[in-house]
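Asker: Coordinates in entry.csv, CSV, C-alpha atoms, are listed below.
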```csv
chain,number,residue,atom,x,y,z
O,1,MET,CA,-16.0,2.7,20.6
O,2,SER,CA,-16.9,6.2,21.9
O,3,ALA,CA,-14.4,8.9,21.0
O,4,VAL,CA,-13.6,11.6,23.5
O,5,LEU,CA,-15.5,14.7,22.6
O,6,LYS,CA,-17.0,17.4,24.8
O,7,PRO,CA,-18.5,20.7,23.5
O,8,ALA,CA,-15.8,22.9,24.8
O,9,GLN,CA,-12.9,20.7,23.6
O,10,ASP,CA,-11.1,21.4,20.3
O,11,TYR,CA,-10.1,17.8,19.7
O,12,VAL,CA,-11.4,14.3,19.2
O,13,VAL,CA,-9.3,11.3,20.3
O,14,ALA,CA,-10.1,7.8,21.6
O,15,ASP,CA,-8.6,8.0,25.0
O,16,LEU,CA,-6.5,10.8,26.6
O,17,THR,CA,-5.1,8.4,29.2
O,18,LEU,CA,-2.9,7.0,26.4
O,19,ALA,CA,-0.9,10.2,26.3
O,20,ASP,CA,1.9,9.1,28.5
O,21,TRP,CA,2.5,6.0,26.5
O,22,GLY,CA,2.4,8.0,23.3
O,23,ARG,CA,4.9,10.5,24.7
O,24,LYS,CA,7.3,7.7,25.5
O,25,GLU,CA,7.1,6.4,21.9
O,26,ILE,CA,7.5,9.9,20.5
O,27,LYS,CA,10.8,10.2,22.4
O,28,ILE,CA,12.0,7.0,20.8
O,29,ALA,CA,10.9,8.1,17.4
O,30,GLU,CA,12.8,11.4,17.8
O,31,THR,CA,16.0,9.4,18.0
O,32,GLU,CA,15.0,7.7,14.7
O,33,MET,CA,14.3,11.0,12.9
O,34,PRO,CA,17.5,13.0,13.2
O,35,GLY,CA,16.7,15.1,10.2
O,36,LEU,CA,13.6,16.7,11.8
O,37,MET,CA,15.4,17.0,15.1
O,38,ALA,CA,18.3,18.9,13.4
O,39,ILE,CA,15.8,21.2,11.8
O,40,ARG,CA,14.3,22.0,15.2
O,41,GLU,CA,17.8,22.7,16.7
O,42,GLU,CA,18.8,24.9,13.8
O,43,PHE,CA,15.6,26.9,13.2
O,44,ALA,CA,13.6,26.9,16.5
O,45,LYS,CA,15.1,30.3,17.5
O,46,SER,CA,14.4,32.1,14.3
O,47,GLN,CA,10.8,30.8,14.0
O,48,PRO,CA,10.6,30.6,10.2
O,49,LEU,CA,7.1,29.2,10.3
O,50,LYS,CA,5.6,31.9,12.5
O,51,GLY,CA,2.3,33.0,11.1
O,52,ALA,CA,1.8,29.7,9.2
O,53,ARG,CA,-1.5,28.1,9.8
O,54,ILE,CA,-1.2,24.5,8.7
O,55,THR,CA,-4.1,22.1,8.0
O,56,GLY,CA,-2.7,18.6,8.2
O,57,SER,CA,-4.4,15.5,6.8
O,58,LEU,CA,-1.9,12.7,7.2
O,59,HIS,CA,-1.7,9.3,9.0
O,60,MET,CA,-1.9,10.2,12.7
O,61,THR,CA,1.0,8.0,13.9
O,62,ILE,CA,4.0,8.4,16.3
O,63,GLN,CA,6.2,9.5,13.4
O,64,THR,CA,3.7,12.1,12.3
O,65,ALA,CA,3.6,13.4,15.9
O,66,VAL,CA,7.3,14.2,15.5
O,67,LEU,CA,6.6,16.1,12.3
O,68,VAL,CA,3.7,18.0,13.9
O,69,GLU,CA,5.8,19.1,16.9
O,70,THR,CA,8.6,20.1,14.6
O,71,LEU,CA,6.3,22.4,12.7
O,72,GLU,CA,5.1,23.9,16.0
O,73,ALA,CA,8.6,24.3,17.3
O,74,LEU,CA,9.3,26.4,14.2
O,75,GLY,CA,6.4,28.6,14.9
O,76,ALA,CA,3.4,27.1,13.0
O,77,GLU,CA,-0.1,26.8,14.3
O,78,VAL,CA,-1.3,23.3,13.4
O,79,ARG,CA,-4.6,21.4,13.2
O,80,TRP,CA,-4.5,17.8,12.4
O,81,ALA,CA,-6.6,14.8,11.2
O,82,SER,CA,-5.8,11.4,9.8
O,83,CYS,CA,-6.0,10.8,6.1
O,84,ASN,CA,-7.2,7.2,6.7
O,85,ILE,CA,-10.0,5.9,9.0
O,86,PHE,CA,-7.9,3.0,10.2
O,87,SER,CA,-4.3,4.3,10.4
O,88,THR,CA,-4.4,6.4,13.6
O,89,GLN,CA,-2.3,5.3,16.5
O,90,ASP,CA,-4.5,6.5,19.4
O,91,HIS,CA,-1.7,7.0,21.8
O,92,ALA,CA,0.1,9.3,19.3
O,93,ALA,CA,-3.1,11.4,18.9
O,94,ALA,CA,-3.6,11.6,22.7
O,95,ALA,CA,0.0,12.7,23.3
O,96,LEU,CA,-0.3,15.6,20.9
O,97,VAL,CA,-3.6,16.7,22.4
O,98,ALA,CA,-2.1,16.6,25.9
O,99,LYS,CA,0.5,19.1,24.7
O,100,GLY,CA,-2.2,21.3,23.2
O,101,THR,CA,-2.4,20.4,19.5
O,102,PRO,CA,-6.0,20.2,18.1
O,103,VAL,CA,-6.2,16.6,16.7
O,104,PHE,CA,-9.3,14.9,15.3
O,105,ALA,CA,-8.6,11.3,14.8
O,106,TYR,CA,-9.2,7.8,16.3
O,107,LYS,CA,-8.6,4.4,14.9
O,108,GLY,CA,-11.7,3.0,13.2
O,109,GLU,CA,-13.4,6.2,12.4
O,110,THR,CA,-16.7,6.1,10.5
O,111,LEU,CA,-16.7,7.9,7.1
O,112,LYS,CA,-19.1,10.4,8.6
O,113,ASP,CA,-16.6,11.2,11.4
O,114,TYR,CA,-13.7,11.3,8.9
O,115,TRP,CA,-15.3,14.0,6.8
O,116,ASP,CA,-16.4,15.9,9.9
O,117,TYR,CA,-12.9,15.9,11.2
O,118,THR,CA,-11.5,16.9,7.8
O,119,HIS,CA,-13.7,20.0,8.0
O,120,ARG,CA,-12.7,20.8,11.5
O,121,ILE,CA,-9.0,21.1,10.7
O,122,PHE,CA,-9.8,24.1,8.6
O,123,GLU,CA,-11.3,26.0,11.5
O,124,PHE,CA,-8.6,28.3,12.7
O,125,GLY,CA,-10.8,31.2,13.7
O,126,PRO,CA,-14.5,32.4,13.9
O,127,LYS,CA,-16.5,33.4,10.9
O,128,GLY,CA,-15.3,36.6,9.4
O,129,ALA,CA,-12.1,36.8,11.4
O,130,LYS,CA,-8.8,37.4,9.7
O,131,GLY,CA,-7.0,34.1,9.5
O,132,GLU,CA,-10.1,32.1,10.1
O,133,GLY,CA,-8.8,29.4,7.7
O,134,PRO,CA,-5.3,27.9,7.0
O,135,ASN,CA,-2.7,29.4,4.7
O,136,MET,CA,-1.2,25.9,4.0
O,137,ILE,CA,-2.4,22.4,3.6
O,138,LEU,CA,-0.2,19.4,4.3
O,139,ASP,CA,-2.0,16.6,2.5
O,140,ASP,CA,-1.6,12.9,2.0
O,141,GLY,CA,-3.9,11.5,-0.6
O,142,GLY,CA,-5.5,14.8,-1.5
O,143,ASP,CA,-8.7,14.6,0.6
O,144,ALA,CA,-8.2,18.0,2.3
O,145,THR,CA,-7.4,19.6,-1.0
O,146,LEU,CA,-10.4,17.8,-2.6
O,147,LEU,CA,-12.7,19.1,0.1
O,148,MET,CA,-11.8,22.7,-0.5
O,149,HIS,CA,-12.1,22.5,-4.2
O,150,LEU,CA,-15.4,20.5,-4.3
O,151,GLY,CA,-17.0,22.5,-1.5
O,152,LYS,CA,-16.2,25.8,-3.3
O,153,ARG,CA,-17.6,24.5,-6.5
O,154,ALA,CA,-20.8,23.3,-4.7
O,155,GLU,CA,-21.3,26.8,-3.3
O,156,LYS,CA,-22.0,27.9,-6.9
O,157,ASP,CA,-23.5,24.7,-8.3
O,158,ILE,CA,-24.9,22.2,-5.9
O,159,SER,CA,-25.4,19.7,-8.7
O,160,VAL,CA,-21.7,18.8,-8.6
O,161,ILE,CA,-22.5,16.8,-5.4
O,162,ALA,CA,-25.9,15.4,-6.5
O,163,ASN,CA,-24.9,12.0,-7.7
O,164,PRO,CA,-22.5,10.1,-5.4
O,165,GLY,CA,-20.9,7.1,-7.0
O,166,SER,CA,-19.6,5.3,-3.9
O,167,GLU,CA,-20.2,5.0,-0.1
O,168,GLU,CA,-17.4,7.5,0.5
O,169,GLU,CA,-18.8,10.0,-1.9
O,170,ARG,CA,-22.2,9.6,-0.2
O,171,GLU,CA,-20.7,10.6,3.1
O,172,LEU,CA,-18.5,13.4,1.6
O,173,PHE,CA,-21.4,14.9,-0.4
O,174,ALA,CA,-23.7,14.7,2.6
O,175,ALA,CA,-21.0,16.5,4.8
O,176,ILE,CA,-20.7,19.3,2.2
O,177,LYS,CA,-24.4,19.7,1.9
O,178,ALA,CA,-24.8,19.9,5.7
O,179,LYS,CA,-22.0,22.5,5.9
O,180,LEU,CA,-23.5,24.6,3.1
O,181,ALA,CA,-26.9,24.5,4.7
O,182,ALA,CA,-25.4,25.9,7.9
O,183,ASP,CA,-22.9,28.3,6.3
O,184,PRO,CA,-23.2,28.9,2.5
O,185,THR,CA,-19.8,30.6,2.1
O,186,TRP,CA,-17.7,28.4,4.5
O,187,TYR,CA,-15.5,26.9,1.7
O,188,SER,CA,-14.8,30.2,0.1
O,189,ARG,CA,-13.8,31.8,3.4
O,190,LYS,CA,-11.7,28.9,4.7
O,191,SER,CA,-9.8,28.6,1.4
O,192,ALA,CA,-9.3,32.3,0.8
O,193,GLU,CA,-5.8,32.6,2.3
O,194,ILE,CA,-4.4,29.2,1.3
O,195,ILE,CA,-1.1,29.8,-0.4
O,196,GLY,CA,-0.4,26.2,-1.3
O,197,VAL,CA,-0.5,22.5,-0.6
O,198,THR,CA,2.2,19.9,-0.1
O,199,GLU,CA,1.2,16.5,-1.2
O,200,GLU,CA,2.8,13.3,0.2
O,201,THR,CA,1.6,10.4,-1.9
O,202,THR,CA,1.3,9.3,-5.5
O,203,THR,CA,-2.5,9.3,-5.6
O,204,GLY,CA,-2.7,12.9,-4.3
O,205,VAL,CA,-0.2,14.0,-6.9
O,206,LEU,CA,-2.2,12.5,-9.6
O,207,ARG,CA,-5.3,14.3,-8.4
O,208,LEU,CA,-3.3,17.6,-8.4
O,209,LYS,CA,-2.0,17.0,-11.9
O,210,GLU,CA,-5.5,16.4,-13.1
O,211,MET,CA,-6.8,19.6,-11.6
O,212,SER,CA,-3.8,21.5,-12.9
O,213,ALA,CA,-4.3,20.2,-16.4
O,214,LYS,CA,-8.0,21.3,-16.3
O,215,GLY,CA,-7.0,24.7,-14.9
O,216,SER,CA,-9.1,24.2,-11.8
O,217,LEU,CA,-6.3,24.0,-9.2
O,218,MET,CA,-6.9,27.0,-6.8
O,219,PHE,CA,-3.4,27.3,-5.3
O,220,ARG,CA,0.2,26.2,-5.8
O,221,ALA,CA,1.2,22.7,-5.0
O,222,ILE,CA,4.5,21.1,-4.0
O,223,ASN,CA,5.0,17.5,-5.1
O,224,VAL,CA,6.6,15.9,-2.0
O,225,ASN,CA,6.0,12.4,-3.2
O,226,ASP,CA,8.4,12.6,-6.2
O,227,SER,CA,11.3,13.9,-4.1
O,228,VAL,CA,13.9,11.2,-4.1
O,229,THR,CA,14.0,11.0,-0.3
O,230,LYS,CA,10.3,10.1,-0.4
O,231,SER,CA,9.6,8.0,-3.4
O,232,LYS,CA,12.9,6.1,-3.4
O,233,PHE,CA,13.0,5.5,0.4
O,234,ASP,CA,9.5,5.6,2.0
O,235,ASN,CA,7.8,3.9,-1.0
O,236,LEU,CA,10.4,1.1,-1.1
O,237,TYR,CA,11.9,0.8,2.4
O,238,GLY,CA,9.0,2.2,4.5
O,239,CYS,CA,6.5,-0.1,2.8
O,240,ARG,CA,8.9,-3.0,3.3
O,241,GLU,CA,8.7,-2.4,7.0
O,242,SER,CA,5.0,-1.7,7.3
O,243,LEU,CA,3.3,-4.3,5.1
O,244,VAL,CA,4.0,-7.5,7.1
O,245,ASP,CA,3.7,-5.6,10.4
O,246,SER,CA,0.2,-4.5,9.4
O,247,ILE,CA,-0.8,-8.0,8.2
O,248,LYS,CA,0.4,-9.5,11.5
O,249,ARG,CA,-1.3,-6.9,13.6
O,250,ALA,CA,-4.6,-7.4,11.8
O,251,THR,CA,-4.6,-11.2,11.5
O,252,ASP,CA,-1.8,-12.6,13.6
O,253,VAL,CA,-1.1,-15.2,11.0
O,254,MET,CA,2.3,-16.8,10.2
O,255,ILE,CA,3.7,-15.6,6.8
O,256,ALA,CA,6.2,-18.4,6.3
O,257,GLY,CA,4.9,-21.1,3.9
O,258,LYS,CA,2.1,-18.9,2.6
O,259,VAL,CA,1.8,-18.2,-1.2
O,260,ALA,CA,1.5,-14.4,-1.6
O,261,VAL,CA,0.9,-12.4,-4.7
O,262,VAL,CA,1.8,-8.7,-5.0
O,263,ALA,CA,-0.1,-6.8,-7.6
O,264,GLY,CA,2.3,-4.2,-9.1
O,265,TYR,CA,6.1,-4.1,-9.0
O,266,GLY,CA,6.8,-0.4,-8.7
O,267,ASP,CA,8.7,0.9,-5.6
O,268,VAL,CA,5.9,0.0,-3.2
O,269,GLY,CA,5.5,-3.5,-4.8
O,270,LYS,CA,9.2,-4.1,-4.7
O,271,GLY,CA,9.4,-3.4,-1.0
O,272,SER,CA,6.3,-5.5,-0.3
O,273,ALA,CA,7.6,-8.5,-2.3
O,274,GLN,CA,10.9,-8.3,-0.5
O,275,ALA,CA,9.2,-8.2,2.9
O,276,LEU,CA,7.1,-11.2,2.2
O,277,ARG,CA,10.0,-13.2,0.9
O,278,ALA,CA,12.1,-12.3,3.9
O,279,LEU,CA,9.5,-14.1,6.1
O,280,SER,CA,9.7,-17.1,3.8
O,281,ALA,CA,6.5,-16.7,1.9
O,282,GLN,CA,6.5,-17.9,-1.7
O,283,VAL,CA,5.9,-14.6,-3.6
O,284,TRP,CA,4.3,-14.1,-7.0
O,285,VAL,CA,3.9,-10.8,-8.8
O,286,THR,CA,1.4,-9.5,-11.3
O,287,GLU,CA,2.5,-6.5,-13.4
O,288,ILE,CA,1.4,-5.0,-16.7
O,289,ASP,CA,4.6,-3.0,-17.3
O,290,PRO,CA,7.0,-5.3,-19.2
O,291,ILE,CA,10.1,-3.7,-17.7
O,292,ASN,CA,8.8,-4.0,-14.1
O,293,ALA,CA,7.7,-7.5,-14.8
O,294,LEU,CA,11.1,-8.4,-16.1
O,295,GLN,CA,12.7,-6.9,-13.0
O,296,ALA,CA,10.4,-9.1,-10.8
O,297,ALA,CA,11.5,-12.2,-12.8
O,298,MET,CA,15.2,-11.3,-12.5
O,299,GLU,CA,14.7,-11.0,-8.8
O,300,GLY,CA,13.4,-14.5,-8.7
O,301,PHE,CA,9.7,-13.8,-8.3
O,302,LYS,CA,7.1,-15.8,-10.3
O,303,VAL,CA,5.3,-13.4,-12.7
O,304,VAL,CA,1.6,-14.4,-13.1
O,305,THR,CA,-1.8,-13.0,-13.9
O,306,MET,CA,-4.4,-12.3,-11.2
O,307,GLU,CA,-6.7,-14.8,-12.9
O,308,TYR,CA,-4.0,-17.5,-12.4
O,309,ALA,CA,-3.2,-16.5,-8.8
O,310,ALA,CA,-6.8,-16.0,-7.6
O,311,ASP,CA,-7.5,-19.6,-6.5
O,312,LYS,CA,-4.0,-20.5,-5.4
O,313,CYS,CA,-2.7,-17.7,-3.1
O,314,ASP,CA,-3.2,-17.1,0.6
O,315,ILE,CA,-2.3,-13.4,0.7
O,316,PHE,CA,-3.1,-10.8,-1.9
O,317,VAL,CA,-1.4,-7.4,-1.8
O,318,SER,CA,-2.6,-4.6,-4.1
O,319,ALA,CA,0.3,-2.2,-4.6
O,320,THR,CA,-0.8,-0.4,-7.8
O,321,GLY,CA,-2.9,2.5,-6.5
O,322,ASN,CA,-5.5,1.4,-9.1
O,323,LYS,CA,-9.0,0.0,-8.8
O,324,ASN,CA,-10.2,-3.1,-10.5
O,325,VAL,CA,-6.9,-4.9,-10.1
O,326,ILE,CA,-8.5,-7.4,-7.7
O,327,ARG,CA,-12.1,-7.7,-8.7
O,328,TYR,CA,-15.2,-9.6,-7.6
O,329,GLU,CA,-14.5,-12.6,-9.9
O,330,HIS,CA,-11.0,-12.9,-8.3
O,331,MET,CA,-12.4,-12.8,-4.8
O,332,ALA,CA,-15.1,-15.4,-5.7
O,333,ALA,CA,-12.3,-17.8,-6.7
O,334,MET,CA,-10.2,-17.2,-3.6
O,335,LYS,CA,-9.6,-19.8,-0.8
O,336,ASP,CA,-11.6,-19.4,2.4
O,337,GLU,CA,-9.8,-17.1,4.8
O,338,ALA,CA,-7.5,-15.6,2.1
O,339,ILE,CA,-6.1,-12.2,3.2
O,340,VAL,CA,-6.6,-9.3,0.8
O,341,CYS,CA,-5.0,-6.0,1.5
O,342,ASN,CA,-4.1,-2.7,-0.1
O,343,ILE,CA,-0.9,-0.8,0.5
O,344,GLY,CA,-0.9,2.9,-0.4
O,345,HIS,CA,-3.8,4.9,-1.7
O,346,PHE,CA,-6.2,4.4,-4.5
O,347,ASP,CA,-7.5,6.2,-7.6
O,348,ASN,CA,-11.2,6.1,-6.9
```
I'd like the structure from this file rewritten - as structure tokens, please.
Answerer:
Amino acid sequence: MSAVLKPAQDYVVADLTLADWGRKEIKIAETEMPGLMAIREEFAKSQPLKGARITGSLHMTIQTAVLVETLEALGAEVRWASCNIFSTQDHAAAALVAKGTPVFAYKGETLKDYWDYTHRIFEFGPKGAKGEGPNMILDDGGDATLLMHLGKRAEKDISVIANPGSEEERELFAAIKAKLAADPTWYSRKSAEIIGVTEETTTGVLRLKEMSAKGSLMFRAINVNDSVTKSKFDNLYGCRESLVDSIKRATDVMIAGKVAVVAGYGDVGKGSAQALRALSAQVWVTEIDPINALQAAMEGFKVVTMEYAADKCDIFVSATGNKNVIRYEHMAAMKDEAIVCNIGHFDN
């Protein structure tokens, strides 16, 4: 597809004509998000976020649009990109752009575009101007935070991006090299006024904790993921809603009668297993933690190993956040047309 982008435009979206559709769904979502709407009503007059320049890297969905417009209603200046190349709802992105928010996202982005857009959400002003970068990052998975840290390190030592270990790292490192070639101090300047980051998901929190332990974290961080209203609600109930919806949107298969295995029985895995069982799938669980495994058994799920499940299941759901849970040898043993999916982020 060809994303909409003209030289004078401070946005990239798939199709601006989707804006009206997006606005209608945003209005529906506002009735489903009374907490944010109450915040708007209470604080819009006092403008507590006036002066905030927020770089947002979070799934560009209808619900995110309500968040973005709440931040703006409270006085913030916002620039936004998606934290995932496949999760953007194009009508949501178009609706925000139509109201004047700089959004850089379309469903099915290339990795090259993804890292280009992640750079562009830091560009609040021209080179050398006061406030040319953000003073806050709203992150989901840690990519925006990673970009600032890695880019600033590369300004001093280009060898840190010399040996990419994956396709994503190849694109990320190439993007940083290109930016440094054009502007050798870009990362230092754009990160100079960042007060802190809020992190939405488990993987991003783990990245932040690793940097904090090493003493390399450049600014303060708020762990949103571990707040009870996030981890105990979104991780469990939100994933319970989104898993089967995503599988059906992607494949249009009937879930009933399928044998599904959920790898990991934390909050995300619990919601995923419940959702699949609710649609009459036979659900198995793999789990290395004995307490979680016992919980799964007590809920009536069959606890197995991935080696056992590989040639028997129709649907495979990785809910651990870890690599090497479903490996090549498992995929080689799978049925033709087996569905393999990941819910959540990842540690690599």
Asker: Looking at all atoms listed in the file, which of O:Glu123, O:Ile339, O:Ile291, O:Thr64 is the one that sits closest to Thr251 (chain O)?
Answerer: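 Nearest to Thr251 (chain O): O:Ile339.
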Asker: Can you tell me how far CA of Glu287 (chain O) sits from CA of Val325 (chain O), in Å to one decimal?
Answerer: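 It comes out at 10.1 Å.
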Asker: Counting only C-alpha atoms, figure out which residue out of O:Leu18, O:Ala144, O:Ala319, O:Met306 gets nearest to Met334 (chain O).
Answerer: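 Closest candidate: O:Met306.
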Asker: Smallest atom-to-atom distance to Ala44 (chain O): which of O:Glu72, O:Lys27, O:Thr17, O:Glu168, using only C-alpha atoms?
Answerer: O:Glu72
Asker: Using all atoms listed in the file, which protein or nucleic acid residues come within 12 Å of Ser46 (chain O)? Drop anything in the same chain fewer than 5 positions from it, and give the result as an NGL selection string.
Answerer: :O and (39-41 or 73-75)
Asker: Do a neighbour search on Glu337 (chain O) at 12 Å with all atoms listed in the file, toss out local chain neighbours closer than 6 positions, and write the hits as a list in words.
Answerer: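 The residues that qualify are Thr251, Val253, Asp311, Cys313, Asp314, Ile315, Phe316 and Met331 of chain O.
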Asker: Could you name the residues that touch region 191-203 of chain O at 9 Å or less, counting all atoms listed in the file, but leaving out those on the same chain fewer than 2 positions away, as a VMD selection string?
Answerer: chain O and resid 58 122 131 to 142 145 148 to 149 152 186 to 189 205 to 208 218 to 226 230 to 231 321 344 to 347
Asker: Quick one: residues within 9 Å of Trp115 (chain O), only C-alpha atoms, excluding same-chain residues fewer than 2 positions away - as number ranges by chain?
Answerer: O: 110-113, 117-120, 147, 171-172, 175-176
Asker: Using only C-alpha atoms, can you tell me which of O:Leu146, O:Met254, O:Ile62, O:Leu36 comes closest to Glu210 (chain O)?
Answerer: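 The closest residue to Glu210 (chain O) is O:Leu146.
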Asker: Can you list every residue of region 247-305 of chain O that has an atom at most 6 Å from region 233-243 of chain O, with its nearest atom pair and the distance in Å to one decimal, using all atoms listed in the file, ordered by chain then number, as CSV?
Answerer:
```
residue,atom,partner,partner_atom,distance
O:Asp267,CA,O:Leu236,CA,4.8
O:Val268,CA,O:Asn235,CA,4.9
O:Gly271,CA,O:Arg240,CA,4.3
O:Ser272,CA,O:Arg240,CA,5.1
O:Ala275,CA,O:Arg240,CA,5.2
```
Asker: Which of these residues is nearest to Arg153 (chain O), using all atoms listed in the file: O:Ile121, O:Val285, O:Ile26, O:Leu217?
Answerer: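 So, comparing all the options, the nearest one is O:Leu217.
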Asker: One number please: CA of Val317 (chain O) to CA of Cys83 (chain O), in Å, one decimal.
Answerer: 20.4 Å
